[in-house]
>>> print(open('entry-v8.cif').read())   # mmCIF, C-alpha atoms
data_structure
#
loop_
_atom_site.group_PDB
_atom_site.id
_atom_site.type_symbol
_atom_site.label_atom_id
_atom_site.label_comp_id
_atom_site.auth_asym_id
_atom_site.auth_seq_id
_atom_site.Cartn_x
_atom_site.Cartn_y
_atom_site.Cartn_z
ATOM 1 C CA MET A 1 10.214 0.811 28.423
ATOM 2 C CA ARG A 2 13.876 1.367 27.716
ATOM 3 C CA PRO A 3 14.854 4.805 26.399
ATOM 4 C CA PRO A 4 15.677 4.934 22.662
ATOM 5 C CA ARG A 5 19.261 4.161 21.780
ATOM 6 C CA VAL A 6 21.308 7.170 20.724
ATOM 7 C CA LEU A 7 23.829 6.625 17.938
ATOM 8 C CA THR A 8 26.588 9.073 17.146
ATOM 9 C CA GLN A 9 27.787 7.314 14.015
ATOM 10 C CA THR A 10 26.465 6.710 10.510
ATOM 11 C CA THR A 11 24.986 3.223 10.628
ATOM 12 C CA SER A 12 21.893 1.057 10.267
ATOM 13 C CA ARG A 13 20.205 -1.231 12.745
ATOM 14 C CA VAL A 14 16.933 -2.996 13.504
ATOM 15 C CA LEU A 15 14.677 -0.612 15.401
ATOM 16 C CA GLU A 16 13.169 -1.496 18.768
ATOM 17 C CA PRO A 17 9.808 -0.570 20.358
ATOM 18 C CA SER A 18 11.526 2.287 22.199
ATOM 19 C CA ASP A 19 12.347 3.877 18.824
ATOM 20 C CA LEU A 20 8.666 4.340 17.950
ATOM 21 C CA ASP A 21 8.494 8.138 18.268
ATOM 22 C CA ALA A 22 11.589 8.633 16.114
ATOM 23 C CA ALA A 23 10.244 6.246 13.471
ATOM 24 C CA LEU A 24 6.872 8.001 13.399
ATOM 25 C CA ALA A 25 8.637 11.332 12.938
ATOM 26 C CA VAL A 26 10.283 9.965 9.788
ATOM 27 C CA LEU A 27 7.019 8.465 8.504
ATOM 28 C CA ASP A 28 5.170 11.733 9.112
ATOM 29 C CA ARG A 29 7.538 13.617 6.809
ATOM 30 C CA GLU A 30 5.677 12.181 3.813
ATOM 31 C CA PRO A 31 2.233 11.090 5.059
ATOM 32 C CA VAL A 32 0.814 10.237 1.628
ATOM 33 C CA VAL A 33 3.805 8.288 0.336
ATOM 34 C CA ASN A 34 4.232 6.457 3.647
ATOM 35 C CA ALA A 35 0.564 5.766 4.406
ATOM 36 C CA PHE A 36 0.833 1.987 4.089
ATOM 37 C CA VAL A 37 3.714 1.553 6.525
ATOM 38 C CA ALA A 38 2.603 4.376 8.833
ATOM 39 C CA ALA A 39 -0.797 2.734 9.283
ATOM 40 C CA ARG A 40 0.831 -0.567 10.271
ATOM 41 C CA VAL A 41 3.267 1.069 12.666
ATOM 42 C CA ARG A 42 0.583 3.143 14.395
ATOM 43 C CA VAL A 43 -1.412 -0.018 15.096
ATOM 44 C CA ALA A 44 1.371 -2.490 15.831
ATOM 45 C CA GLY A 45 4.337 -0.417 16.971
ATOM 46 C CA LEU A 46 7.814 -1.702 16.155
ATOM 47 C CA ASP A 47 7.675 -5.131 17.764
ATOM 48 C CA PRO A 48 8.488 -7.477 14.841
ATOM 49 C CA TRP A 49 5.941 -10.092 15.877
ATOM 50 C CA ARG A 50 3.076 -7.575 15.915
ATOM 51 C CA LEU A 51 4.367 -5.561 12.964
ATOM 52 C CA GLY A 52 4.796 -8.601 10.747
ATOM 53 C CA GLY A 53 8.419 -7.761 10.009
ATOM 54 C CA GLU A 54 11.405 -5.722 11.070
ATOM 55 C CA MET A 55 11.861 -1.983 10.744
ATOM 56 C CA TRP A 56 15.392 -1.048 9.762
ATOM 57 C CA GLY A 57 16.681 2.403 10.587
ATOM 58 C CA TRP A 58 19.461 4.463 9.024
ATOM 59 C CA TYR A 59 21.233 7.056 11.157
ATOM 60 C CA GLU A 60 23.259 10.028 9.997
ATOM 61 C CA GLY A 61 24.917 12.293 12.544
ATOM 62 C CA GLY A 62 23.164 10.401 15.304
ATOM 63 C CA ALA A 63 19.679 11.130 13.898
ATOM 64 C CA LEU A 64 17.269 8.598 12.426
ATOM 65 C CA THR A 65 16.766 9.774 8.836
ATOM 66 C CA SER A 66 15.567 6.767 6.798
ATOM 67 C CA LEU A 67 13.615 3.556 7.327
ATOM 68 C CA CYS A 68 13.014 0.287 5.539
ATOM 69 C CA TYR A 69 10.134 -2.037 6.371
ATOM 70 C CA ALA A 70 11.187 -5.666 5.893
ATOM 71 C CA GLY A 71 8.172 -7.935 6.034
ATOM 72 C CA ALA A 72 5.990 -9.466 3.340
ATOM 73 C CA ASN A 73 7.071 -6.398 1.348
ATOM 74 C CA LEU A 74 10.417 -4.624 1.397
ATOM 75 C CA VAL A 75 9.631 -0.889 1.519
ATOM 76 C CA PRO A 76 12.251 1.903 1.559
ATOM 77 C CA ILE A 77 10.994 4.979 3.416
ATOM 78 C CA CYS A 78 12.483 8.471 3.039
ATOM 79 C CA ALA A 79 15.582 6.577 1.966
ATOM 80 C CA THR A 80 18.701 8.549 1.012
ATOM 81 C CA PRO A 81 21.222 6.966 -1.404
ATOM 82 C CA ARG A 82 23.496 5.952 1.480
ATOM 83 C CA ALA A 83 20.548 4.473 3.339
ATOM 84 C CA VAL A 84 19.507 2.468 0.280
ATOM 85 C CA ARG A 85 22.990 0.954 0.057
ATOM 86 C CA ALA A 86 22.905 0.039 3.747
ATOM 87 C CA PHE A 87 19.437 -1.498 3.419
ATOM 88 C CA ALA A 88 20.542 -3.490 0.364
ATOM 89 C CA ASP A 89 23.533 -4.851 2.292
ATOM 90 C CA ARG A 90 21.288 -5.911 5.170
ATOM 91 C CA ALA A 91 18.738 -7.461 2.794
ATOM 92 C CA ARG A 92 21.439 -9.462 1.004
ATOM 93 C CA ARG A 93 22.731 -10.838 4.290
ATOM 94 C CA ALA A 94 19.239 -11.792 5.451
ATOM 95 C CA GLY A 95 18.194 -13.361 2.149
ATOM 96 C CA ARG A 96 14.939 -12.712 0.333
ATOM 97 C CA ARG A 97 11.889 -13.232 2.549
ATOM 98 C CA CYS A 98 9.516 -10.792 0.856
ATOM 99 C CA SER A 99 7.082 -11.288 -2.017
ATOM 100 C CA SER A 100 7.724 -7.809 -3.413
ATOM 101 C CA ILE A 101 9.791 -4.652 -3.171
ATOM 102 C CA VAL A 102 7.598 -1.564 -3.364
ATOM 103 C CA GLY A 103 8.039 2.120 -2.667
ATOM 104 C CA PRO A 104 8.935 5.487 -4.208
ATOM 105 C CA ALA A 105 10.309 4.850 -7.687
ATOM 106 C CA GLY A 106 13.789 6.343 -7.248
ATOM 107 C CA PRO A 107 14.931 4.580 -4.057
ATOM 108 C CA THR A 108 13.143 1.363 -5.037
ATOM 109 C CA ALA A 109 14.872 1.256 -8.423
ATOM 110 C CA GLU A 110 18.272 1.690 -6.772
ATOM 111 C CA LEU A 111 17.456 -0.912 -4.119
ATOM 112 C CA TRP A 112 16.498 -3.389 -6.836
ATOM 113 C CA ARG A 113 19.630 -2.597 -8.866
ATOM 114 C CA LEU A 114 21.728 -3.557 -5.869
ATOM 115 C CA LEU A 115 19.702 -6.669 -4.993
ATOM 116 C CA GLU A 116 18.969 -8.054 -8.453
ATOM 117 C CA PRO A 117 22.272 -9.934 -8.847
ATOM 118 C CA GLN A 118 21.423 -12.056 -5.779
ATOM 119 C CA TRP A 119 17.609 -11.893 -5.745
ATOM 120 C CA GLY A 120 16.790 -11.835 -9.449
ATOM 121 C CA PRO A 121 15.205 -12.459 -11.719
ATOM 122 C CA ALA A 122 11.898 -10.944 -10.629
ATOM 123 C CA ARG A 123 8.610 -12.320 -11.870
ATOM 124 C CA GLU A 124 7.650 -8.796 -12.951
ATOM 125 C CA VAL A 125 9.002 -5.273 -12.561
ATOM 126 C CA ARG A 126 6.586 -2.347 -12.715
ATOM 127 C CA SER A 127 9.019 0.505 -12.954
ATOM 128 C CA ARG A 128 6.561 3.402 -12.849
ATOM 129 C CA GLN A 129 3.234 3.443 -11.046
ATOM 130 C CA PRO A 130 1.876 7.005 -10.780
ATOM 131 C CA LEU A 131 1.003 8.015 -7.224
ATOM 132 C CA MET A 132 -2.198 10.060 -7.199
ATOM 133 C CA VAL A 133 -3.899 12.082 -4.476
ATOM 134 C CA ALA A 134 -7.220 13.876 -3.971
ATOM 135 C CA ASP A 135 -8.340 16.240 -1.233
ATOM 136 C CA ARG A 136 -11.773 17.205 -2.574
ATOM 137 C CA MET A 137 -14.643 15.843 -4.602
ATOM 138 C CA SER A 138 -14.943 16.381 -8.341
ATOM 139 C CA ASP A 139 -17.466 18.914 -9.588
ATOM 140 C CA THR A 140 -18.204 16.816 -12.681
ATOM 141 C CA VAL A 141 -18.629 13.211 -11.453
ATOM 142 C CA ALA A 142 -21.527 12.413 -9.127
ATOM 143 C CA PRO A 143 -20.971 9.577 -6.632
ATOM 144 C CA ASP A 144 -22.777 6.334 -7.396
ATOM 145 C CA PRO A 145 -25.637 6.185 -4.848
ATOM 146 C CA TYR A 146 -25.591 2.368 -4.979
ATOM 147 C CA VAL A 147 -22.002 2.034 -3.752
ATOM 148 C CA ARG A 148 -22.058 1.335 -0.025
ATOM 149 C CA ARG A 149 -20.092 -0.258 2.781
ATOM 150 C CA VAL A 150 -19.947 -4.035 2.625
ATOM 151 C CA ARG A 151 -21.663 -5.655 5.606
ATOM 152 C CA LYS A 152 -20.007 -8.330 7.719
ATOM 153 C CA ASP A 153 -22.593 -10.883 6.589
ATOM 154 C CA GLU A 154 -21.562 -10.230 2.957
ATOM 155 C CA LEU A 155 -17.982 -11.478 3.360
ATOM 156 C CA GLU A 156 -18.627 -14.622 1.309
ATOM 157 C CA THR A 157 -20.171 -12.464 -1.431
ATOM 158 C CA ILE A 158 -17.282 -10.007 -1.674
ATOM 159 C CA MET A 159 -14.489 -12.607 -1.450
ATOM 160 C CA PRO A 160 -14.730 -13.921 -5.053
ATOM 161 C CA ALA A 161 -14.500 -10.358 -6.377
ATOM 162 C CA CYS A 162 -11.460 -9.687 -4.160
ATOM 163 C CA VAL A 163 -9.763 -12.864 -5.348
ATOM 164 C CA ALA A 164 -10.513 -12.024 -8.987
ATOM 165 C CA MET A 165 -9.093 -8.511 -8.574
ATOM 166 C CA PHE A 166 -5.929 -9.721 -6.857
ATOM 167 C CA THR A 167 -5.298 -12.450 -9.408
ATOM 168 C CA GLU A 168 -5.834 -10.058 -12.305
ATOM 169 C CA GLU A 169 -3.635 -7.357 -10.797
ATOM 170 C CA VAL A 170 -0.769 -9.379 -9.306
ATOM 171 C CA GLY A 171 -0.761 -12.365 -11.648
ATOM 172 C CA ILE A 172 -1.090 -15.052 -8.980
ATOM 173 C CA SER A 173 -3.994 -16.162 -6.813
ATOM 174 C CA PRO A 174 -4.072 -15.040 -3.169
ATOM 175 C CA LEU A 175 -5.421 -18.504 -2.366
ATOM 176 C CA ALA A 176 -2.059 -20.129 -3.126
ATOM 177 C CA GLY A 177 0.167 -21.298 -0.306
ATOM 178 C CA ASP A 178 -1.996 -21.221 2.814
ATOM 179 C CA GLY A 179 -5.271 -21.707 0.959
ATOM 180 C CA GLY A 180 -6.064 -18.022 1.275
ATOM 181 C CA LEU A 181 -6.349 -17.886 5.066
ATOM 182 C CA LEU A 182 -4.249 -14.735 5.431
ATOM 183 C CA TYR A 183 -5.933 -13.042 2.486
ATOM 184 C CA GLN A 184 -9.398 -13.855 3.751
ATOM 185 C CA ALA A 185 -8.442 -12.518 7.182
ATOM 186 C CA ARG A 186 -7.297 -9.253 5.596
ATOM 187 C CA VAL A 187 -10.525 -8.904 3.595
ATOM 188 C CA ALA A 188 -12.536 -9.654 6.747
ATOM 189 C CA GLU A 189 -10.552 -6.981 8.620
ATOM 190 C CA LEU A 190 -11.374 -4.353 5.980
ATOM 191 C CA VAL A 191 -15.048 -5.339 5.938
ATOM 192 C CA GLY A 192 -15.215 -5.320 9.729
ATOM 193 C CA SER A 193 -13.626 -1.875 9.960
ATOM 194 C CA GLY A 194 -16.043 -0.393 7.406
ATOM 195 C CA ARG A 195 -13.370 0.181 4.770
ATOM 196 C CA SER A 196 -14.707 -2.167 2.071
ATOM 197 C CA PHE A 197 -17.164 -0.749 -0.490
ATOM 198 C CA ALA A 198 -19.165 -2.276 -3.316
ATOM 199 C CA ARG A 199 -22.093 -1.976 -5.651
ATOM 200 C CA PHE A 200 -24.252 -5.096 -5.998
ATOM 201 C CA ASP A 201 -26.598 -5.949 -8.839
ATOM 202 C CA ALA A 202 -30.188 -7.151 -8.444
ATOM 203 C CA ASP A 203 -28.960 -10.722 -7.922
ATOM 204 C CA GLY A 204 -26.556 -9.683 -5.185
ATOM 205 C CA LYS A 205 -23.433 -10.042 -7.348
ATOM 206 C CA VAL A 206 -20.576 -7.542 -7.000
ATOM 207 C CA VAL A 207 -20.270 -5.280 -10.031
ATOM 208 C CA PHE A 208 -17.857 -2.704 -8.531
ATOM 209 C CA LYS A 209 -15.654 -2.743 -5.451
ATOM 210 C CA ALA A 210 -12.783 -0.923 -3.764
ATOM 211 C CA GLU A 211 -11.228 -0.740 -0.313
ATOM 212 C CA ILE A 212 -9.475 1.813 1.845
ATOM 213 C CA GLY A 213 -6.514 -0.393 2.616
ATOM 214 C CA ALA A 214 -4.277 1.856 4.711
ATOM 215 C CA ALA A 215 -5.420 4.716 6.899
ATOM 216 C CA THR A 216 -3.945 7.244 9.299
ATOM 217 C CA ASP A 217 -5.436 10.487 10.533
ATOM 218 C CA ARG A 218 -3.445 12.345 7.842
ATOM 219 C CA ALA A 219 -3.826 10.180 4.740
ATOM 220 C CA CYS A 220 -5.410 6.997 3.466
ATOM 221 C CA GLN A 221 -4.949 4.802 0.419
ATOM 222 C CA ILE A 222 -7.586 3.282 -1.853
ATOM 223 C CA GLN A 223 -6.782 -0.153 -3.219
ATOM 224 C CA GLY A 224 -8.420 -3.102 -4.949
ATOM 225 C CA VAL A 225 -10.487 -1.095 -7.435
ATOM 226 C CA TRP A 226 -12.336 -3.584 -9.630
ATOM 227 C CA VAL A 227 -15.259 -3.690 -12.043
ATOM 228 C CA ALA A 228 -16.741 -7.060 -12.995
ATOM 229 C CA PRO A 229 -15.589 -7.907 -16.557
ATOM 230 C CA GLU A 230 -19.112 -8.086 -17.948
ATOM 231 C CA HIS A 231 -19.819 -4.537 -16.697
ATOM 232 C CA ARG A 232 -16.647 -2.852 -17.951
ATOM 233 C CA GLY A 233 -17.241 0.025 -20.316
ATOM 234 C CA ALA A 234 -20.632 0.742 -18.780
ATOM 235 C CA GLY A 235 -19.495 3.843 -16.877
ATOM 236 C CA LEU A 236 -19.453 2.338 -13.379
ATOM 237 C CA ALA A 237 -15.844 3.058 -12.436
ATOM 238 C CA ALA A 238 -15.863 6.861 -12.148
ATOM 239 C CA PRO A 239 -19.088 7.198 -10.115
ATOM 240 C CA GLY A 240 -18.005 4.236 -7.982
ATOM 241 C CA MET A 241 -14.651 5.817 -7.246
ATOM 242 C CA ALA A 242 -16.343 9.132 -6.497
ATOM 243 C CA ALA A 243 -18.499 7.358 -3.918
ATOM 244 C CA VAL A 244 -15.490 5.730 -2.238
ATOM 245 C CA LEU A 245 -13.619 9.046 -2.287
ATOM 246 C CA ARG A 246 -16.567 10.733 -0.577
ATOM 247 C CA TYR A 247 -16.566 8.112 2.198
ATOM 248 C CA ALA A 248 -12.785 8.410 2.586
ATOM 249 C CA LEU A 249 -12.741 12.204 2.855
ATOM 250 C CA ALA A 250 -15.734 12.317 5.194
ATOM 251 C CA ASP A 251 -14.807 9.474 7.525
ATOM 252 C CA VAL A 252 -11.101 8.659 7.285
ATOM 253 C CA ALA A 253 -8.541 11.312 6.283
ATOM 254 C CA PRO A 254 -8.182 14.678 4.505
ATOM 255 C CA LEU A 255 -5.869 13.220 1.829
ATOM 256 C CA VAL A 256 -6.805 10.174 -0.230
ATOM 257 C CA SER A 257 -4.217 8.429 -2.393
ATOM 258 C CA LEU A 258 -3.771 5.487 -4.712
ATOM 259 C CA TYR A 259 -1.188 4.239 -7.155
ATOM 260 C CA VAL A 260 -1.825 2.721 -10.553
ATOM 261 C CA ASN A 261 0.179 1.033 -13.305
ATOM 262 C CA ASP A 262 1.329 3.566 -15.893
ATOM 263 C CA PHE A 263 0.098 1.314 -18.714
ATOM 264 C CA ASN A 264 -3.454 1.314 -17.333
ATOM 265 C CA THR A 265 -4.583 4.337 -19.314
ATOM 266 C CA PRO A 266 -8.341 3.899 -18.735
ATOM 267 C CA ALA A 267 -7.878 3.747 -14.953
ATOM 268 C CA ARG A 268 -5.622 6.806 -14.883
ATOM 269 C CA ARG A 269 -8.154 8.724 -16.948
ATOM 270 C CA THR A 270 -10.949 7.675 -14.590
ATOM 271 C CA TYR A 271 -9.037 8.730 -11.486
ATOM 272 C CA ARG A 272 -8.267 12.129 -12.974
ATOM 273 C CA ARG A 273 -11.958 12.628 -13.772
ATOM 274 C CA VAL A 274 -12.835 11.891 -10.156
ATOM 275 C CA GLY A 275 -10.344 14.488 -8.893
ATOM 276 C CA PHE A 276 -7.050 12.668 -8.355
ATOM 277 C CA ARG A 277 -3.805 14.274 -9.493
ATOM 278 C CA GLU A 278 -0.353 12.755 -9.897
ATOM 279 C CA ILE A 279 2.244 13.758 -7.296
ATOM 280 C CA GLY A 280 4.955 11.161 -7.849
ATOM 281 C CA ALA A 281 5.504 7.522 -8.740
ATOM 282 C CA PHE A 282 5.928 4.172 -7.050
ATOM 283 C CA MET A 283 7.747 1.116 -8.316
ATOM 284 C CA SER A 284 6.989 -2.548 -7.622
ATOM 285 C CA VAL A 285 9.198 -5.593 -8.031
ATOM 286 C CA LEU A 286 7.140 -8.802 -7.835
ATOM 287 C CA PHE A 287 8.626 -12.210 -7.037
#
>>> encode(input="entry-v8.cif", output="structure tokens")
Amino acid sequence: MRPPRVLTQTTSRVLEPSDLDAALAVLDREPVVNAFVAARVRVAGLDPWRLGGEMWGWYEGGALTSLCYAGANLVPICATPRAVRAFADRARRAGRRCSSIVGPAGPTAELWRLLEPQWGPAREVRSRQPLMVADRMSDTVAPDPYVRRVRKDELETIMPACVAMFTEEVGISPLAGDGGLLYQARVAELVGSGRSFARFDADGKVVFKAEIGAATDRACQIQGVWVAPEHRGAGLAAPGMAAVLRYALADVAPLVSLYVNDFNTPARRTYRRVGFREIGAFMSVLF
């Protein structure tokens, strides 16, 4: 392996596999905020083919200080104002290849302000999505004993619930384009790794589900929380989330996070009941 390149100027460039340690050092500065990208990098490294995109780096005084993941999502990471401008310039030159821009609200808003004249309009902009974290179980909400890990032979049972959740949350079906091959592969990966959880009714239908979508040894992120429409209002969400939180804290990481739309008042209330607290905000720009 070649040694990492040393830069003495203020500049940006595409990182190489030899830059892995420096990139991880940046990601580790904010393990909760950066959980999604950190999990990918720890598995795939910085090779674009394995990572599913490029990692851009911003250097100040010869040190790597900021990153931007440019794949299916464009994600600014520990991005200073100067880094955001550099990443926007690079993104404009490359053209839009991502389906969303997502990340900490401040840098993401500035990145979108700079890109909107060329990339806009967006299909939807969610300007504030509270980032929440929990490091212990609630004393007031008991975990649902019927929420359990989804078995590999239940993939066909959980898929319709996953598709329904995604379509409801994002506004488009994950089956569009490639017929859902990539989405089904991702769901199968989560099921196979024991990070997909659900409660089934007597007929074997999913009534509650959630996944641990990103995981490092320092933090993990719950995603895809969904209650079947006919069971909403029945009190399943809080105990179900408590059960998933218990699995996450016991088996995955000491910090468990999620982010939620600010207009989803019932969900935010449920997460607070379970023990999550707000520590910041994300922003998403959907194309």
>>> closest_atom_pairs(input="entry-v8.cif", of="stretch 120-158 of chain A", to="stretch 167-189 of chain A", cutoff="9 Å", atoms="all atoms listed in the file", output="CSV")
residue,atom,partner,partner_atom,distance
A:Lys152,CA,A:Ala188,CA,7.6
A:Leu155,CA,A:Ala188,CA,6.7
A:Ile158,CA,A:Val187,CA,8.6
>>> atom_distance(input="entry-v8.cif", atom1="atom CA of A:Glu16", atom2="atom CA of A:Leu51")
11.3 Å
>>> resolve_selection(input="entry-v8.cif", expression="the PyMOL selection byres ((chain A and resi 68-83) around 6)", output="VMD selection string")
chain A and resid 52 to 56 58 66 to 67 84 to 86 98 to 103
>>> residues_around(input="entry-v8.cif", residues="stretch 277-283 of chain A", least_positions_apart="3", cutoff="10 Å", atoms="all atoms listed in the file", output="PyMOL selection string")
chain A and resi 32-33+101-109+112+125-135+257-262+268+271-274+286
>>> closest_residue(input="entry-v8.cif", among="A:Phe197, A:Trp119, A:Phe276, A:Tyr146", to="A:Leu255", atoms="all atoms listed in the file")
A:Phe276
>>> residues_near_point(input="entry-v8.cif", point="(17.4, -7.6, -2.8)", cutoff="9 Å", atoms="only C-alpha atoms", output="list in words")
Leu74, Phe87, Ala88, Asp89, Ala91, Arg92, Gly95, Arg96, Ile101, Leu111, Trp112, Arg113, Leu114, Leu115, Glu116, Pro117, Gln118, Trp119 and Gly120 of chain A
>>> resolve_selection(input="entry-v8.cif", expression="the PyMOL selection byres ((chain A and resi 148) around 7)", output="list in words")
Tyr146, Val147, Arg149, Val150, Phe197, Ala198 and Arg199 of chain A
>>> closest_residue(input="entry-v8.cif", among="A:Arg50, A:Arg151, A:Lys209, A:Arg93", to="A:Ala243", atoms="all atoms listed in the file")
A:Lys209
>>> atom_distance(input="entry-v8.cif", atom1="atom CA of A:Arg246", atom2="atom CA of A:Ala161")
22.0 Å
>>> atom_distance(input="entry-v8.cif", atom1="atom CA of A:Thr157", atom2="atom CA of A:Asp144")
19.9 Å
>>> decode(input="entry-v8.cif", residues="stretch 267-280 of chain A", atoms="N, CA, C and O atoms", output="PDB file, in the first residue's frame")
ATOM      1  N   ALA A 267     -44.206  10.523  16.552  1.00  0.00           N
ATOM      2  CA  ALA A 267     -42.976   9.734  16.606  1.00  0.00           C
ATOM      3  C   ALA A 267     -41.970  10.351  17.569  1.00  0.00           C
ATOM      4  O   ALA A 267     -41.352   9.642  18.370  1.00  0.00           O
ATOM      5  N   ARG A 268     -41.810  11.662  17.532  1.00  0.00           N
ATOM      6  CA  ARG A 268     -40.872  12.315  18.438  1.00  0.00           C
ATOM      7  C   ARG A 268     -41.277  12.096  19.892  1.00  0.00           C
ATOM      8  O   ARG A 268     -40.434  11.852  20.763  1.00  0.00           O
ATOM      9  N   ARG A 269     -42.567  12.159  20.153  1.00  0.00           N
ATOM     10  CA  ARG A 269     -43.056  11.920  21.509  1.00  0.00           C
ATOM     11  C   ARG A 269     -42.764  10.482  21.941  1.00  0.00           C
ATOM     12  O   ARG A 269     -42.336  10.228  23.082  1.00  0.00           O
ATOM     13  N   THR A 270     -42.971   9.543  21.027  1.00  0.00           N
ATOM     14  CA  THR A 270     -42.705   8.136  21.335  1.00  0.00           C
ATOM     15  C   THR A 270     -41.239   7.912  21.640  1.00  0.00           C
ATOM     16  O   THR A 270     -40.880   7.239  22.617  1.00  0.00           O
ATOM     17  N   TYR A 271     -40.354   8.478  20.827  1.00  0.00           N
ATOM     18  CA  TYR A 271     -38.924   8.271  21.037  1.00  0.00           C
ATOM     19  C   TYR A 271     -38.460   8.872  22.362  1.00  0.00           C
ATOM     20  O   TYR A 271     -37.623   8.286  23.064  1.00  0.00           O
ATOM     21  N   ARG A 272     -39.013  10.017  22.712  1.00  0.00           N
ATOM     22  CA  ARG A 272     -38.656  10.597  24.016  1.00  0.00           C
ATOM     23  C   ARG A 272     -39.116   9.701  25.153  1.00  0.00           C
ATOM     24  O   ARG A 272     -38.399   9.547  26.154  1.00  0.00           O
ATOM     25  N   ARG A 273     -40.293   9.128  25.044  1.00  0.00           N
ATOM     26  CA  ARG A 273     -40.791   8.214  26.084  1.00  0.00           C
ATOM     27  C   ARG A 273     -39.850   7.028  26.267  1.00  0.00           C
ATOM     28  O   ARG A 273     -39.626   6.553  27.392  1.00  0.00           O
ATOM     29  N   VAL A 274     -39.295   6.549  25.172  1.00  0.00           N
ATOM     30  CA  VAL A 274     -38.438   5.366  25.222  1.00  0.00           C
ATOM     31  C   VAL A 274     -37.063   5.694  25.794  1.00  0.00           C
ATOM     32  O   VAL A 274     -36.353   4.804  26.260  1.00  0.00           O
ATOM     33  N   GLY A 275     -36.681   6.986  25.784  1.00  0.00           N
ATOM     34  CA  GLY A 275     -35.398   7.368  26.360  1.00  0.00           C
ATOM     35  C   GLY A 275     -34.480   8.133  25.442  1.00  0.00           C
ATOM     36  O   GLY A 275     -33.347   8.468  25.825  1.00  0.00           O
ATOM     37  N   PHE A 276     -34.925   8.446  24.223  1.00  0.00           N
ATOM     38  CA  PHE A 276     -34.106   9.222  23.303  1.00  0.00           C
ATOM     39  C   PHE A 276     -34.189  10.708  23.638  1.00  0.00           C
ATOM     40  O   PHE A 276     -35.226  11.201  24.066  1.00  0.00           O
ATOM     41  N   ARG A 277     -33.101  11.410  23.407  1.00  0.00           N
ATOM     42  CA  ARG A 277     -33.056  12.857  23.611  1.00  0.00           C
ATOM     43  C   ARG A 277     -32.451  13.509  22.371  1.00  0.00           C
ATOM     44  O   ARG A 277     -31.611  12.906  21.686  1.00  0.00           O
ATOM     45  N   GLU A 278     -32.856  14.722  22.084  1.00  0.00           N
ATOM     46  CA  GLU A 278     -32.371  15.425  20.904  1.00  0.00           C
ATOM     47  C   GLU A 278     -30.985  16.020  21.180  1.00  0.00           C
ATOM     48  O   GLU A 278     -30.766  16.644  22.212  1.00  0.00           O
ATOM     49  N   ILE A 279     -30.077  15.821  20.210  1.00  0.00           N
ATOM     50  CA  ILE A 279     -28.719  16.364  20.359  1.00  0.00           C
ATOM     51  C   ILE A 279     -28.312  17.220  19.168  1.00  0.00           C
ATOM     52  O   ILE A 279     -27.206  17.756  19.135  1.00  0.00           O
ATOM     53  N   GLY A 280     -29.189  17.360  18.195  1.00  0.00           N
ATOM     54  CA  GLY A 280     -28.855  18.132  17.003  1.00  0.00           C
ATOM     55  C   GLY A 280     -29.932  17.935  15.959  1.00  0.00           C
ATOM     56  O   GLY A 280     -31.058  17.533  16.266  1.00  0.00           O
TER      57      GLY A 280
END
